[in-house]
$ cat protein_23.txt   # compact mmCIF, C-alpha atoms (C1' of nucleotides)
# COMPACT_ATOMS: atom_id res chain seq x y z
CA MET C 298 -90.87 -0.80 -82.99
CA LYS C 299 -90.62 2.84 -82.01
CA LEU C 300 -92.56 4.19 -79.03
CA ALA C 301 -94.72 6.51 -81.15
CA GLU C 302 -95.83 3.66 -83.38
CA ALA C 303 -96.40 1.33 -80.46
CA LYS C 304 -98.57 3.95 -78.75
CA GLN C 305 -100.62 4.42 -81.89
CA GLN C 306 -101.17 0.69 -82.21
CA PHE C 307 -102.10 0.31 -78.59
CA ILE C 308 -104.62 3.14 -78.75
CA SER C 309 -106.17 2.03 -81.98
CA SER C 310 -106.45 -1.63 -80.94
CA TRP C 311 -107.90 -0.69 -77.60
CA GLY C 312 -110.49 1.33 -79.48
CA ALA C 313 -111.37 -1.55 -81.79
CA PHE C 314 -111.45 -3.91 -78.83
CA GLY C 315 -113.85 -1.60 -77.01
CA THR C 316 -116.35 -1.63 -79.86
CA HIS C 317 -116.73 -5.39 -79.41
CA TRP C 318 -117.78 -4.73 -75.86
CA GLY C 319 -120.40 -2.05 -76.34
CA ILE C 320 -117.96 0.80 -75.62
CA ASN C 321 -117.49 3.45 -78.25
CA ARG C 322 -114.22 3.81 -80.06
CA THR C 323 -113.33 7.26 -78.76
CA MET C 324 -114.07 6.46 -75.15
CA ALA C 325 -111.80 3.43 -75.34
CA GLN C 326 -109.09 5.41 -77.09
CA ILE C 327 -109.11 8.19 -74.51
CA HIS C 328 -108.87 5.57 -71.82
CA ALA C 329 -105.96 3.90 -73.60
CA LEU C 330 -104.20 7.22 -74.02
CA LEU C 331 -104.49 8.03 -70.33
CA LEU C 332 -103.38 4.54 -69.34
CA ILE C 333 -100.05 4.97 -71.09
CA SER C 334 -99.55 8.60 -70.18
CA PRO C 335 -97.17 9.11 -67.26
CA ASP C 336 -98.74 12.47 -66.40
CA PRO C 337 -102.27 13.82 -66.22
CA MET C 338 -103.54 15.32 -69.47
CA THR C 339 -105.85 18.16 -70.44
CA GLN C 340 -108.72 17.98 -72.91
CA ASP C 341 -106.60 19.86 -75.42
CA ASP C 342 -103.78 17.35 -75.07
CA MET C 343 -106.19 14.55 -75.90
CA MET C 344 -107.78 16.43 -78.80
CA ASP C 345 -104.34 16.86 -80.32
CA GLU C 346 -103.17 13.30 -79.74
CA LEU C 347 -106.34 11.65 -81.03
CA ASN C 348 -107.45 14.24 -83.59
CA ILE C 349 -110.95 14.54 -82.26
CA SER C 350 -113.21 17.49 -81.57
CA ARG C 351 -113.62 19.28 -78.28
CA GLY C 352 -117.21 18.16 -77.81
CA ASN C 353 -116.39 14.54 -78.44
CA THR C 354 -113.46 14.67 -76.06
CA ASN C 355 -115.48 16.31 -73.34
CA MET C 356 -118.43 13.92 -73.54
CA ASN C 357 -116.27 10.84 -73.48
CA ILE C 358 -114.10 12.03 -70.62
CA ARG C 359 -117.23 12.61 -68.63
CA GLU C 360 -118.49 9.15 -69.48
CA LEU C 361 -115.19 7.65 -68.34
CA ILE C 362 -115.54 9.55 -65.08
CA ASN C 363 -119.07 8.10 -64.66
CA TRP C 364 -117.60 4.67 -65.15
CA GLY C 365 -115.10 5.43 -62.40
CA LEU C 366 -112.15 4.85 -64.73
CA VAL C 367 -110.86 8.41 -64.96
CA ASP C 368 -110.41 11.14 -62.38
CA ARG C 369 -110.24 14.89 -62.60
CA VAL C 370 -106.99 16.22 -61.15
CA LEU C 371 -106.43 19.78 -60.06
CA LEU C 372 -102.88 20.96 -60.47
CA THR C 373 -101.92 24.02 -58.45
CA GLY C 374 -101.29 27.06 -60.56
CA GLU C 375 -103.03 25.54 -63.59
CA ARG C 376 -106.26 26.98 -64.87
CA LYS C 377 -107.16 23.95 -66.99
CA GLU C 378 -108.48 20.66 -65.67
CA PHE C 379 -106.27 17.61 -65.91
CA PHE C 380 -107.34 13.99 -66.13
CA THR C 381 -105.74 10.77 -65.12
CA ALA C 382 -106.68 7.09 -65.36
CA GLU C 383 -106.34 4.42 -62.71
CA LYS C 384 -103.20 2.49 -63.65
CA ASP C 385 -103.73 -0.62 -61.54
CA ILE C 386 -105.29 -2.92 -64.13
CA TRP C 387 -106.83 -5.19 -61.56
CA LYS C 388 -108.71 -2.20 -60.14
CA VAL C 389 -109.76 -1.20 -63.64
CA VAL C 390 -111.16 -4.65 -64.36
CA LYS C 391 -113.00 -4.76 -61.05
CA GLN C 392 -114.51 -1.35 -61.68
CA ILE C 393 -115.74 -2.33 -65.14
CA VAL C 394 -117.19 -5.58 -63.84
CA LYS C 395 -118.89 -3.74 -61.00
CA GLU C 396 -120.52 -1.22 -63.32
CA ARG C 397 -121.64 -3.70 -65.94
CA LYS C 398 -123.05 -5.97 -63.27
CA LYS C 399 -125.08 -3.08 -61.92
CA ARG C 400 -126.15 -1.72 -65.31
CA GLU C 401 -126.83 -4.95 -67.18
CA LEU C 402 -126.81 -8.16 -65.17
CA GLU C 403 -128.94 -6.99 -62.27
CA PRO C 404 -131.75 -5.47 -64.36
CA MET C 405 -131.79 -8.63 -66.45
CA LEU C 406 -132.17 -10.80 -63.35
CA GLN C 407 -135.03 -8.62 -62.16
CA LEU C 408 -136.78 -9.04 -65.49
CA LEU C 409 -136.32 -12.80 -65.38
CA ASP C 410 -137.91 -12.87 -61.91
CA ARG C 411 -141.01 -11.27 -63.34
CA LEU C 412 -141.07 -13.40 -66.49
CA GLU C 413 -140.80 -16.63 -64.52
CA GLU C 414 -144.24 -15.97 -63.09
CA VAL C 415 -146.00 -16.14 -66.43
CA GLU C 416 -149.58 -17.41 -66.31
CA GLY C 417 -150.44 -20.76 -67.79
CA ASP C 418 -150.29 -24.50 -67.38
CA LYS C 419 -146.84 -26.03 -67.35
CA ARG C 420 -148.27 -29.07 -69.12
CA ASP C 421 -148.53 -26.78 -72.16
CA LYS C 422 -145.17 -27.28 -73.82
CA GLU C 423 -144.98 -23.65 -74.92
CA VAL C 424 -145.32 -22.55 -71.32
CA LYS C 425 -142.98 -25.24 -70.05
CA THR C 426 -140.17 -24.39 -72.45
CA PHE C 427 -140.50 -20.71 -71.69
CA VAL C 428 -140.44 -21.14 -67.93
CA ASP C 429 -137.64 -23.69 -68.05
CA THR C 430 -135.49 -21.44 -70.21
CA VAL C 431 -136.11 -18.38 -68.08
CA SER C 432 -135.46 -20.31 -64.88
CA SER C 433 -132.22 -21.79 -66.03
CA ILE C 434 -130.91 -18.47 -67.27
CA LYS C 435 -131.91 -16.89 -63.99
CA LYS C 436 -130.21 -19.60 -61.98
CA LEU C 437 -126.96 -19.27 -63.87
CA GLY C 438 -127.19 -15.49 -63.78
CA LYS C 439 -127.62 -15.41 -60.00
CA GLN C 440 -124.63 -17.65 -59.53
CA ALA C 441 -122.54 -15.52 -61.85
CA ASP C 442 -123.68 -12.46 -59.93
CA LYS C 443 -122.42 -13.94 -56.67
CA THR C 444 -119.14 -15.02 -58.18
CA LEU C 445 -118.59 -11.54 -59.55
CA ASP C 446 -119.30 -10.09 -56.10
CA VAL C 447 -116.50 -12.20 -54.70
CA MET C 448 -114.24 -11.07 -57.51
CA ILE C 449 -115.06 -7.40 -56.97
CA ARG C 450 -114.27 -7.69 -53.30
CA ALA C 451 -110.95 -9.45 -53.90
CA GLU C 452 -108.03 -7.25 -52.94
CA GLU C 453 -105.49 -8.76 -55.26
CA ASN C 454 -105.72 -10.32 -58.68
CA TRP C 455 -108.45 -12.89 -58.32
CA PHE C 456 -107.41 -15.00 -61.29
CA VAL C 457 -104.21 -16.10 -59.63
CA GLY C 458 -105.75 -17.45 -56.44
CA ASN C 459 -108.69 -18.69 -58.39
CA LEU C 460 -106.58 -20.79 -60.67
CA LEU C 461 -104.66 -22.28 -57.79
CA LYS C 462 -107.91 -23.29 -56.12
CA LEU C 463 -109.37 -24.70 -59.29
CA PHE C 464 -106.36 -26.86 -60.02
CA LYS C 465 -106.14 -28.24 -56.53
CA MET Z 95 -148.55 -11.80 -67.30
CA LYS Z 96 -149.72 -13.74 -70.35
CA LEU Z 97 -147.30 -16.00 -72.24
CA ALA Z 98 -147.44 -13.93 -75.41
CA GLU Z 99 -146.47 -10.77 -73.56
CA ALA Z 100 -143.76 -12.54 -71.58
CA LYS Z 101 -142.27 -13.92 -74.78
CA GLN Z 102 -142.24 -10.48 -76.36
CA GLN Z 103 -140.52 -9.01 -73.34
CA PHE Z 104 -137.97 -11.77 -73.19
CA ILE Z 105 -137.11 -11.42 -76.86
CA SER Z 106 -136.91 -7.66 -76.82
CA SER Z 107 -134.80 -7.52 -73.65
CA TRP Z 108 -132.48 -10.18 -74.91
CA GLY Z 109 -132.03 -8.07 -78.03
CA ALA Z 110 -131.27 -4.93 -76.05
CA PHE Z 111 -128.95 -6.90 -73.80
CA GLY Z 112 -127.09 -8.23 -76.83
CA THR Z 113 -126.37 -4.74 -78.14
CA HIS Z 114 -124.40 -4.01 -74.94
CA TRP Z 115 -122.19 -6.93 -75.79
CA GLY Z 116 -121.36 -6.24 -79.40
CA ILE Z 117 -124.06 -8.54 -80.77
CA ASN Z 118 -126.66 -7.08 -83.07
CA ARG Z 119 -130.24 -6.80 -81.98
CA THR Z 120 -131.70 -9.18 -84.54
CA MET Z 121 -129.16 -11.90 -83.93
CA ALA Z 122 -129.89 -11.81 -80.21
CA GLN Z 123 -133.64 -11.80 -80.84
CA ILE Z 124 -133.50 -14.81 -83.12
CA HIS Z 125 -131.46 -16.60 -80.51
CA ALA Z 126 -133.97 -15.67 -77.80
CA LEU Z 127 -136.85 -16.86 -79.95
CA LEU Z 128 -135.23 -20.22 -80.55
CA LEU Z 129 -134.33 -20.60 -76.89
CA ILE Z 130 -137.96 -20.42 -75.83
CA SER Z 131 -139.35 -22.37 -78.75
CA PRO Z 132 -140.12 -26.01 -77.91
CA ASP Z 133 -139.78 -27.06 -81.54
CA PRO Z 134 -137.38 -26.26 -84.36
CA MET Z 135 -138.43 -23.28 -86.48
CA THR Z 136 -138.11 -22.32 -90.13
CA GLN Z 137 -136.87 -19.00 -91.47
CA ASP Z 138 -140.45 -18.08 -92.32
CA ASP Z 139 -141.58 -18.76 -88.77
CA MET Z 140 -138.94 -16.38 -87.48
CA MET Z 141 -139.72 -13.71 -90.07
CA ASP Z 142 -143.34 -13.77 -88.97
CA GLU Z 143 -142.64 -13.76 -85.25
CA LEU Z 144 -140.05 -11.00 -85.35
CA ASN Z 145 -141.31 -9.01 -88.33
CA ILE Z 146 -138.02 -8.96 -90.12
CA SER Z 147 -137.03 -9.52 -93.72
CA ARG Z 148 -135.91 -12.76 -95.27
CA GLY Z 149 -132.38 -11.52 -95.92
CA ASN Z 150 -131.91 -10.28 -92.40
CA THR Z 151 -133.21 -13.54 -90.96
CA ASN Z 152 -131.01 -15.62 -93.17
CA MET Z 153 -127.81 -13.70 -92.45
CA ASN Z 154 -128.31 -13.73 -88.72
CA ILE Z 155 -129.19 -17.41 -88.57
CA ARG Z 156 -126.02 -18.14 -90.40
CA GLU Z 157 -124.05 -16.00 -87.98
CA LEU Z 158 -125.60 -17.85 -85.04
CA ILE Z 159 -124.56 -21.12 -86.65
CA ASN Z 160 -120.99 -19.77 -86.98
CA TRP Z 161 -121.04 -18.97 -83.30
CA GLY Z 162 -122.09 -22.56 -82.61
CA LEU Z 163 -125.30 -21.46 -80.91
CA VAL Z 164 -127.81 -22.68 -83.47
CA ASP Z 165 -128.07 -25.87 -85.49
CA ARG Z 166 -129.75 -26.75 -88.76
CA VAL Z 167 -132.20 -29.60 -88.31
CA LEU Z 168 -133.55 -31.71 -91.14
CA LEU Z 169 -137.05 -33.00 -90.53
CA THR Z 170 -138.07 -35.98 -92.63
CA GLY Z 171 -140.74 -35.19 -95.16
CA GLU Z 172 -140.16 -31.43 -94.83
CA ARG Z 173 -138.77 -29.45 -97.69
CA LYS Z 174 -137.74 -26.43 -95.61
CA GLU Z 175 -134.81 -26.22 -93.25
CA PHE Z 176 -135.49 -26.04 -89.54
CA PHE Z 177 -133.34 -24.47 -86.85
CA THR Z 178 -132.91 -25.11 -83.19
CA ALA Z 179 -130.84 -23.56 -80.39
CA GLU Z 180 -128.87 -25.32 -77.70
CA LYS Z 181 -131.08 -25.16 -74.61
CA ASP Z 182 -128.49 -25.99 -71.96
CA ILE Z 183 -127.54 -22.50 -70.83
CA TRP Z 184 -124.26 -23.59 -69.36
CA LYS Z 185 -123.23 -24.94 -72.77
CA VAL Z 186 -124.38 -21.71 -74.38
CA VAL Z 187 -122.26 -19.62 -72.03
CA LYS Z 188 -119.22 -21.83 -72.55
CA GLN Z 189 -119.61 -21.61 -76.31
CA ILE Z 190 -119.84 -17.81 -76.25
CA VAL Z 191 -116.82 -17.56 -73.95
CA LYS Z 192 -114.86 -19.91 -76.17
CA GLU Z 193 -115.59 -17.91 -79.31
CA ARG Z 194 -114.93 -14.51 -77.80
CA LYS Z 195 -111.72 -15.72 -76.25
CA LYS Z 196 -110.56 -16.91 -79.65
CA ARG Z 197 -111.78 -13.88 -81.58
CA GLU Z 198 -110.86 -11.10 -79.16
CA LEU Z 199 -108.74 -12.02 -76.17
CA GLU Z 200 -106.14 -14.07 -77.98
CA PRO Z 201 -105.41 -11.55 -80.74
CA MET Z 202 -105.14 -8.84 -78.09
CA LEU Z 203 -102.59 -10.86 -76.14
CA GLN Z 204 -100.57 -11.38 -79.30
CA LEU Z 205 -100.55 -7.67 -79.95
CA LEU Z 206 -99.42 -6.94 -76.40
CA ASP Z 207 -96.53 -9.38 -76.83
CA ARG Z 208 -95.31 -7.34 -79.76
CA LEU Z 209 -95.89 -3.96 -78.11
CA GLU Z 210 -93.99 -4.95 -74.99
CA GLU Z 211 -90.82 -5.08 -77.06
CA VAL Z 212 -90.87 -1.39 -77.92
CA GLU Z 213 -87.46 0.21 -78.44
CA GLY Z 214 -86.20 2.73 -75.95
CA ASP Z 215 -84.72 3.33 -72.55
CA LYS Z 216 -86.89 2.37 -69.60
CA ARG Z 217 -85.41 5.31 -67.69
CA ASP Z 218 -87.48 7.48 -70.03
CA LYS Z 219 -90.76 7.78 -68.16
CA GLU Z 220 -92.79 7.72 -71.38
CA VAL Z 221 -91.26 4.37 -72.26
CA LYS Z 222 -91.52 3.08 -68.73
CA THR Z 223 -95.21 3.88 -68.35
CA PHE Z 224 -95.99 2.36 -71.72
CA VAL Z 225 -94.13 -0.86 -71.05
CA ASP Z 226 -95.46 -1.17 -67.51
CA THR Z 227 -99.04 -0.70 -68.68
CA VAL Z 228 -98.73 -3.14 -71.53
CA SER Z 229 -97.02 -5.71 -69.31
CA SER Z 230 -99.60 -5.55 -66.58
CA ILE Z 231 -102.49 -5.84 -69.02
CA LYS Z 232 -100.76 -8.77 -70.66
CA LYS Z 233 -100.16 -10.49 -67.35
CA LEU Z 234 -103.77 -10.17 -66.27
CA GLY Z 235 -104.99 -11.15 -69.72
CA LYS Z 236 -102.94 -14.33 -69.75
CA GLN Z 237 -104.26 -15.31 -66.36
CA ALA Z 238 -107.82 -14.62 -67.44
CA ASP Z 239 -107.20 -16.69 -70.55
CA LYS Z 240 -106.13 -19.67 -68.45
CA THR Z 241 -109.05 -19.30 -66.07
CA LEU Z 242 -111.45 -19.22 -69.01
CA ASP Z 243 -109.85 -22.38 -70.37
CA VAL Z 244 -110.65 -24.11 -67.12
CA MET Z 245 -114.19 -22.80 -67.28
CA ILE Z 246 -114.69 -23.94 -70.87
CA ARG Z 247 -113.54 -27.42 -69.99
CA ALA Z 248 -115.81 -27.67 -66.95
CA GLU Z 249 -118.56 -30.20 -67.48
CA GLU Z 250 -121.09 -28.70 -65.14
CA ASN Z 251 -121.84 -25.16 -64.11
CA TRP Z 252 -118.52 -23.77 -63.04
CA PHE Z 253 -119.88 -20.97 -60.91
CA VAL Z 254 -121.28 -23.38 -58.33
CA GLY Z 255 -118.07 -25.28 -57.65
CA ASN Z 256 -116.10 -22.13 -58.03
CA LEU Z 257 -118.02 -20.33 -55.33
CA LEU Z 258 -117.69 -23.24 -52.96
CA LYS Z 259 -113.94 -23.26 -53.45
CA LEU Z 260 -113.65 -19.53 -53.05
CA PHE Z 261 -115.57 -19.51 -49.80
CA LYS Z 262 -113.61 -22.35 -48.28
C1' DT U 34 -118.24 43.59 -61.77
C1' DT U 35 -115.86 42.62 -66.29
C1' DG U 36 -113.72 39.83 -69.47
C1' DA U 37 -110.87 36.15 -70.90
C1' DA U 38 -110.21 31.23 -70.39
C1' DT U 39 -112.28 27.00 -70.10
C1' DT U 40 -115.94 23.63 -70.06
C1' DT U 41 -120.40 21.99 -71.44
C1' DT U 42 -124.31 21.38 -74.37
C1' DC U 43 -126.70 19.98 -78.31
C1' DA U 44 -128.61 20.50 -83.13
C1' DA U 45 -126.84 19.29 -87.39
C1' DA U 46 -123.74 16.45 -90.21
C1' DA U 47 -121.09 12.46 -90.95
C1' DA U 48 -120.05 7.81 -90.36
C1' DA U 49 -121.05 3.28 -89.17
C1' DT U 50 -124.22 -0.37 -88.91
C1' DA U 51 -128.33 -2.91 -89.82
C1' DT U 52 -132.17 -4.04 -92.86
C1' DT U 53 -134.67 -4.69 -96.97
C1' DG U 54 -136.13 -6.95 -101.02
C1' DA U 55 -135.52 -8.58 -105.35
C1' DA U 56 -132.46 -11.21 -108.28
C1' DA U 57 -129.38 -15.11 -108.45
C1' DA U 58 -128.16 -19.50 -106.93
C1' DT U 59 -129.29 -23.84 -105.23
C1' DA U 60 -132.05 -27.83 -104.05
C1' DT U 61 -135.79 -30.95 -104.80
C1' DA U 62 -139.89 -33.12 -106.78
C1' DT U 63 -142.15 -34.68 -110.82
C1' DA I 164 -134.87 -31.89 -118.03
C1' DT I 165 -138.22 -28.65 -116.18
C1' DA I 166 -140.68 -26.36 -112.91
C1' DT I 167 -141.12 -24.95 -108.31
C1' DA I 168 -139.68 -24.22 -103.69
C1' DT I 169 -136.20 -22.55 -100.88
C1' DT I 170 -131.96 -20.31 -99.61
C1' DT I 171 -128.40 -16.97 -100.35
C1' DT I 172 -126.41 -12.74 -101.82
C1' DC I 173 -125.76 -7.95 -101.99
C1' DA I 174 -126.64 -3.11 -103.74
C1' DA I 175 -129.66 0.21 -102.18
C1' DT I 176 -131.97 2.16 -98.25
C1' DA I 177 -133.00 3.07 -93.57
C1' DT I 178 -131.66 3.46 -88.98
C1' DT I 179 -128.64 4.17 -85.28
C1' DT I 180 -124.63 5.93 -83.40
C1' DT I 181 -120.92 8.99 -83.27
C1' DT I 182 -118.76 13.29 -84.13
C1' DT I 183 -118.46 18.06 -84.97
C1' DG I 184 -118.29 22.83 -83.94
C1' DA I 185 -120.25 26.87 -82.55
C1' DA I 186 -123.07 28.93 -78.98
C1' DA I 187 -124.11 28.98 -74.14
C1' DA I 188 -122.70 28.36 -69.57
C1' DT I 189 -119.35 28.43 -66.13
C1' DT I 190 -115.12 29.56 -63.76
C1' DC I 191 -111.77 32.49 -62.15
C1' DA I 192 -108.40 36.35 -62.03
C1' DA I 193 -107.84 41.14 -61.86
$ encode --input "protein_23.txt" --output "structure tokens"
Amino acid sequence: MKLAEAKQQFISSWGAFGTHWGINRTMAQIHALLLISPDPMTQDDMMDELNISRGNTNMNIRELINWGLVDRVLLTGERKEFFTAEKDIWKVVKQIVKERKKRELEPMLQLLDRLEEVEGDKRDKEVKTFVDTVSSIKKLGKQADKTLDVMIRAEENWFVGNLLKLFK
Amino acid sequence: MKLAEAKQQFISSWGAFGTHWGINRTMAQIHALLLISPDPMTQDDMMDELNISRGNTNMNIRELINWGLVDRVLLTGERKEFFTAEKDIWKVVKQIVKERKKRELEPMLQLLDRLEEVEGDKRDKEVKTFVDTVSSIKKLGKQADKTLDVMIRAEENWFVGNLLKLFK
DNA sequence: TTGAATTTTCAAAAAATATTGAAAATATAT
DNA sequence: ATATATTTTCAATATTTTTTGAAAATTCAA
């Protein structure tokens, strides 16, 4: 397979992959493009490569910056802004986990705390099932939260050490 | 908070949560409803509770069955079909991980295998960056795949034992 | 300052996704 | 077998999400 074709496939699969994870196609594609680009790129470079509009490019770059996955780079003598993506995949994964934990898991756990305190008699099976379900989700969620904290703090690829420990 | 309100909040948050994870709102809401329901429910029960159409209900129940999260239950003397959700949250999580691994992670790893074999000279920095990126994603992905296998096979809540081991 | 280059915003349009509801298919009781 | 209840399908519709592109805002050099 030629490089050009391989790049196309990588970008388009990364985009499709992203949509299964609540990330929009373009955002994932821009990220993919920057991951495989040896040098920082401008908005215009990305527009050309991906055939997307200026507005779309701009909004998604900004979103990637919010996620901490892309950085603005200033090149001396260049008027335009350049962008680059973190290439260390372990750092990328940690950053995504960190953000999703903050945006999704933590608010969910807070909600479950409130819902657990529903009024009513636990001898009522409706109440019991509700409270039991909420409690068990909360319990698992809190444990997952802690495990992810450990993962986020890990300097090197956590899966390696993790596997060794688990097989011991 | 009253039970009725708590149920509503649980169902609606679970639905919103689902949409961040590539699951459609209704499917997540039906799942939530079944999780907190002490008894099996019929399609009509769900239509009434969630105010959704028969077709929508039917399609999403079937999808939940495909995911292995919901089961058809036959009650003696009842003409209608009843449905119930697995209540053990650890089993639910394992099932979701298992399915997503199969549907998303594994095909991605297969693609990366093919892309890694791109033609070209690694002294060309375009080629080098591409191959390096693909290889490092593949490496991490394969490790994650193995770790998830261990998790799926774990009988009891993996996070607990996992944390203990990690803190040792 | 002024003006050209560049970035950002956002209303409108397009595309993608989800939902409806009625007809068709299937299952079950008599 | 026939009638009735129930489930399934799917074209049409509605909703949500994404994308566009042109105008506004900003930046920066002269």
$ closest_residue --input "protein_23.txt" --among "U:DT40, U:DT34, U:DT59, U:DT50" --to "Glu378 (chain C)" --atoms "all atoms listed in the file"
U:DT40
$ interface_residues --input "protein_23.txt" --of "chain I" --to "chain C" --cutoff "9 Å" --atoms "all atoms listed in the file" --output "mmCIF file with C-alpha atoms (C1' of nucleotides), in the frame of the given file"
data_model
loop_
_atom_site.group_PDB
_atom_site.id
_atom_site.type_symbol
_atom_site.label_atom_id
_atom_site.label_comp_id
_atom_site.auth_asym_id
_atom_site.auth_seq_id
_atom_site.Cartn_x
_atom_site.Cartn_y
_atom_site.Cartn_z
ATOM 1 C "C1'" DT I 181 -120.920 8.990 -83.270
ATOM 2 C "C1'" DT I 182 -118.760 13.290 -84.130
ATOM 3 C "C1'" DT I 183 -118.460 18.060 -84.970
ATOM 4 C "C1'" DG I 184 -118.290 22.830 -83.940
ATOM 5 C "C1'" DC I 191 -111.770 32.490 -62.150
#
$ interface_residues --input "protein_23.txt" --of "chain U" --to "chain C" --cutoff "10 Å" --atoms "only C-alpha atoms (C1' of nucleotides)" --output "PyMOL selection string"
chain U and resi 38-43
$ closest_atom_pairs --input "protein_23.txt" --of "chain Z" --to "chain C" --cutoff "7 Å" --atoms "only C-alpha atoms" --output "CSV"
residue,atom,partner,partner_atom,distance
Z:Met95,CA,C:Val415,CA,5.1
Z:Lys96,CA,C:Glu416,CA,5.5
Z:Leu97,CA,C:Val415,CA,6.0
Z:Ala100,CA,C:Leu412,CA,5.8
Z:Thr113,CA,C:Gly319,CA,6.8
Z:His114,CA,C:Gly319,CA,4.7
Z:Trp115,CA,C:Trp318,CA,4.9
Z:Gly116,CA,C:His317,CA,4.7
Z:Leu129,CA,C:Thr430,CA,6.8
Z:Ile130,CA,C:Phe427,CA,4.9
Z:Ser131,CA,C:Thr426,CA,6.7
Z:Pro132,CA,C:Thr426,CA,5.7
Z:Ile183,CA,C:Ile434,CA,6.3
Z:Leu209,CA,C:Ala303,CA,5.8
Z:Val212,CA,C:Met298,CA,5.1
Z:Glu213,CA,C:Lys299,CA,5.4
Z:Lys219,CA,C:Pro335,CA,6.6
Z:Glu220,CA,C:Pro335,CA,6.2
Z:Val221,CA,C:Leu300,CA,6.9
Z:Thr223,CA,C:Ile333,CA,5.7
Z:Phe224,CA,C:Ile333,CA,4.9
Z:Thr227,CA,C:Ile333,CA,6.2
Z:Ser230,CA,C:Ile386,CA,6.7
Z:Ile231,CA,C:Ile386,CA,6.3
Z:Gln237,CA,C:Phe456,CA,6.0
Z:Ala238,CA,C:Phe456,CA,6.2
Z:Thr241,CA,C:Leu460,CA,6.1
Z:Phe253,CA,C:Gln440,CA,6.0
Z:Val254,CA,C:Gln440,CA,6.7
Z:Leu257,CA,C:Thr444,CA,6.1
Z:Lys259,CA,C:Lys462,CA,6.6
$ write_last_selection --input "protein_23.txt" --atoms "C-alpha atoms" --output "PDB file, in the coordinates of the input"
ATOM      1  CA  MET Z  95    -148.550 -11.800 -67.300  1.00  0.00           C
ATOM      2  CA  LYS Z  96    -149.720 -13.740 -70.350  1.00  0.00           C
ATOM      3  CA  LEU Z  97    -147.300 -16.000 -72.240  1.00  0.00           C
ATOM      4  CA  ALA Z 100    -143.760 -12.540 -71.580  1.00  0.00           C
ATOM      5  CA  THR Z 113    -126.370  -4.740 -78.140  1.00  0.00           C
ATOM      6  CA  HIS Z 114    -124.400  -4.010 -74.940  1.00  0.00           C
ATOM      7  CA  TRP Z 115    -122.190  -6.930 -75.790  1.00  0.00           C
ATOM      8  CA  GLY Z 116    -121.360  -6.240 -79.400  1.00  0.00           C
ATOM      9  CA  LEU Z 129    -134.330 -20.600 -76.890  1.00  0.00           C
ATOM     10  CA  ILE Z 130    -137.960 -20.420 -75.830  1.00  0.00           C
ATOM     11  CA  SER Z 131    -139.350 -22.370 -78.750  1.00  0.00           C
ATOM     12  CA  PRO Z 132    -140.120 -26.010 -77.910  1.00  0.00           C
ATOM     13  CA  ILE Z 183    -127.540 -22.500 -70.830  1.00  0.00           C
ATOM     14  CA  LEU Z 209     -95.890  -3.960 -78.110  1.00  0.00           C
ATOM     15  CA  VAL Z 212     -90.870  -1.390 -77.920  1.00  0.00           C
ATOM     16  CA  GLU Z 213     -87.460   0.210 -78.440  1.00  0.00           C
ATOM     17  CA  LYS Z 219     -90.760   7.780 -68.160  1.00  0.00           C
ATOM     18  CA  GLU Z 220     -92.790   7.720 -71.380  1.00  0.00           C
ATOM     19  CA  VAL Z 221     -91.260   4.370 -72.260  1.00  0.00           C
ATOM     20  CA  THR Z 223     -95.210   3.880 -68.350  1.00  0.00           C
ATOM     21  CA  PHE Z 224     -95.990   2.360 -71.720  1.00  0.00           C
ATOM     22  CA  THR Z 227     -99.040  -0.700 -68.680  1.00  0.00           C
ATOM     23  CA  SER Z 230     -99.600  -5.550 -66.580  1.00  0.00           C
ATOM     24  CA  ILE Z 231    -102.490  -5.840 -69.020  1.00  0.00           C
ATOM     25  CA  GLN Z 237    -104.260 -15.310 -66.360  1.00  0.00           C
ATOM     26  CA  ALA Z 238    -107.820 -14.620 -67.440  1.00  0.00           C
ATOM     27  CA  THR Z 241    -109.050 -19.300 -66.070  1.00  0.00           C
ATOM     28  CA  PHE Z 253    -119.880 -20.970 -60.910  1.00  0.00           C
ATOM     29  CA  VAL Z 254    -121.280 -23.380 -58.330  1.00  0.00           C
ATOM     30  CA  LEU Z 257    -118.020 -20.330 -55.330  1.00  0.00           C
ATOM     31  CA  LYS Z 259    -113.940 -23.260 -53.450  1.00  0.00           C
TER      32      LYS Z 259
END
$ atom_distance --input "protein_23.txt" --atom1 "CA of His328 (chain C)" --atom2 "CA of Ile393 (chain C)"
12.4 Å
$ atom_distance --input "protein_23.txt" --atom1 "CA of Asp342 (chain C)" --atom2 "CA of Lys388 (chain C)"
25.1 Å
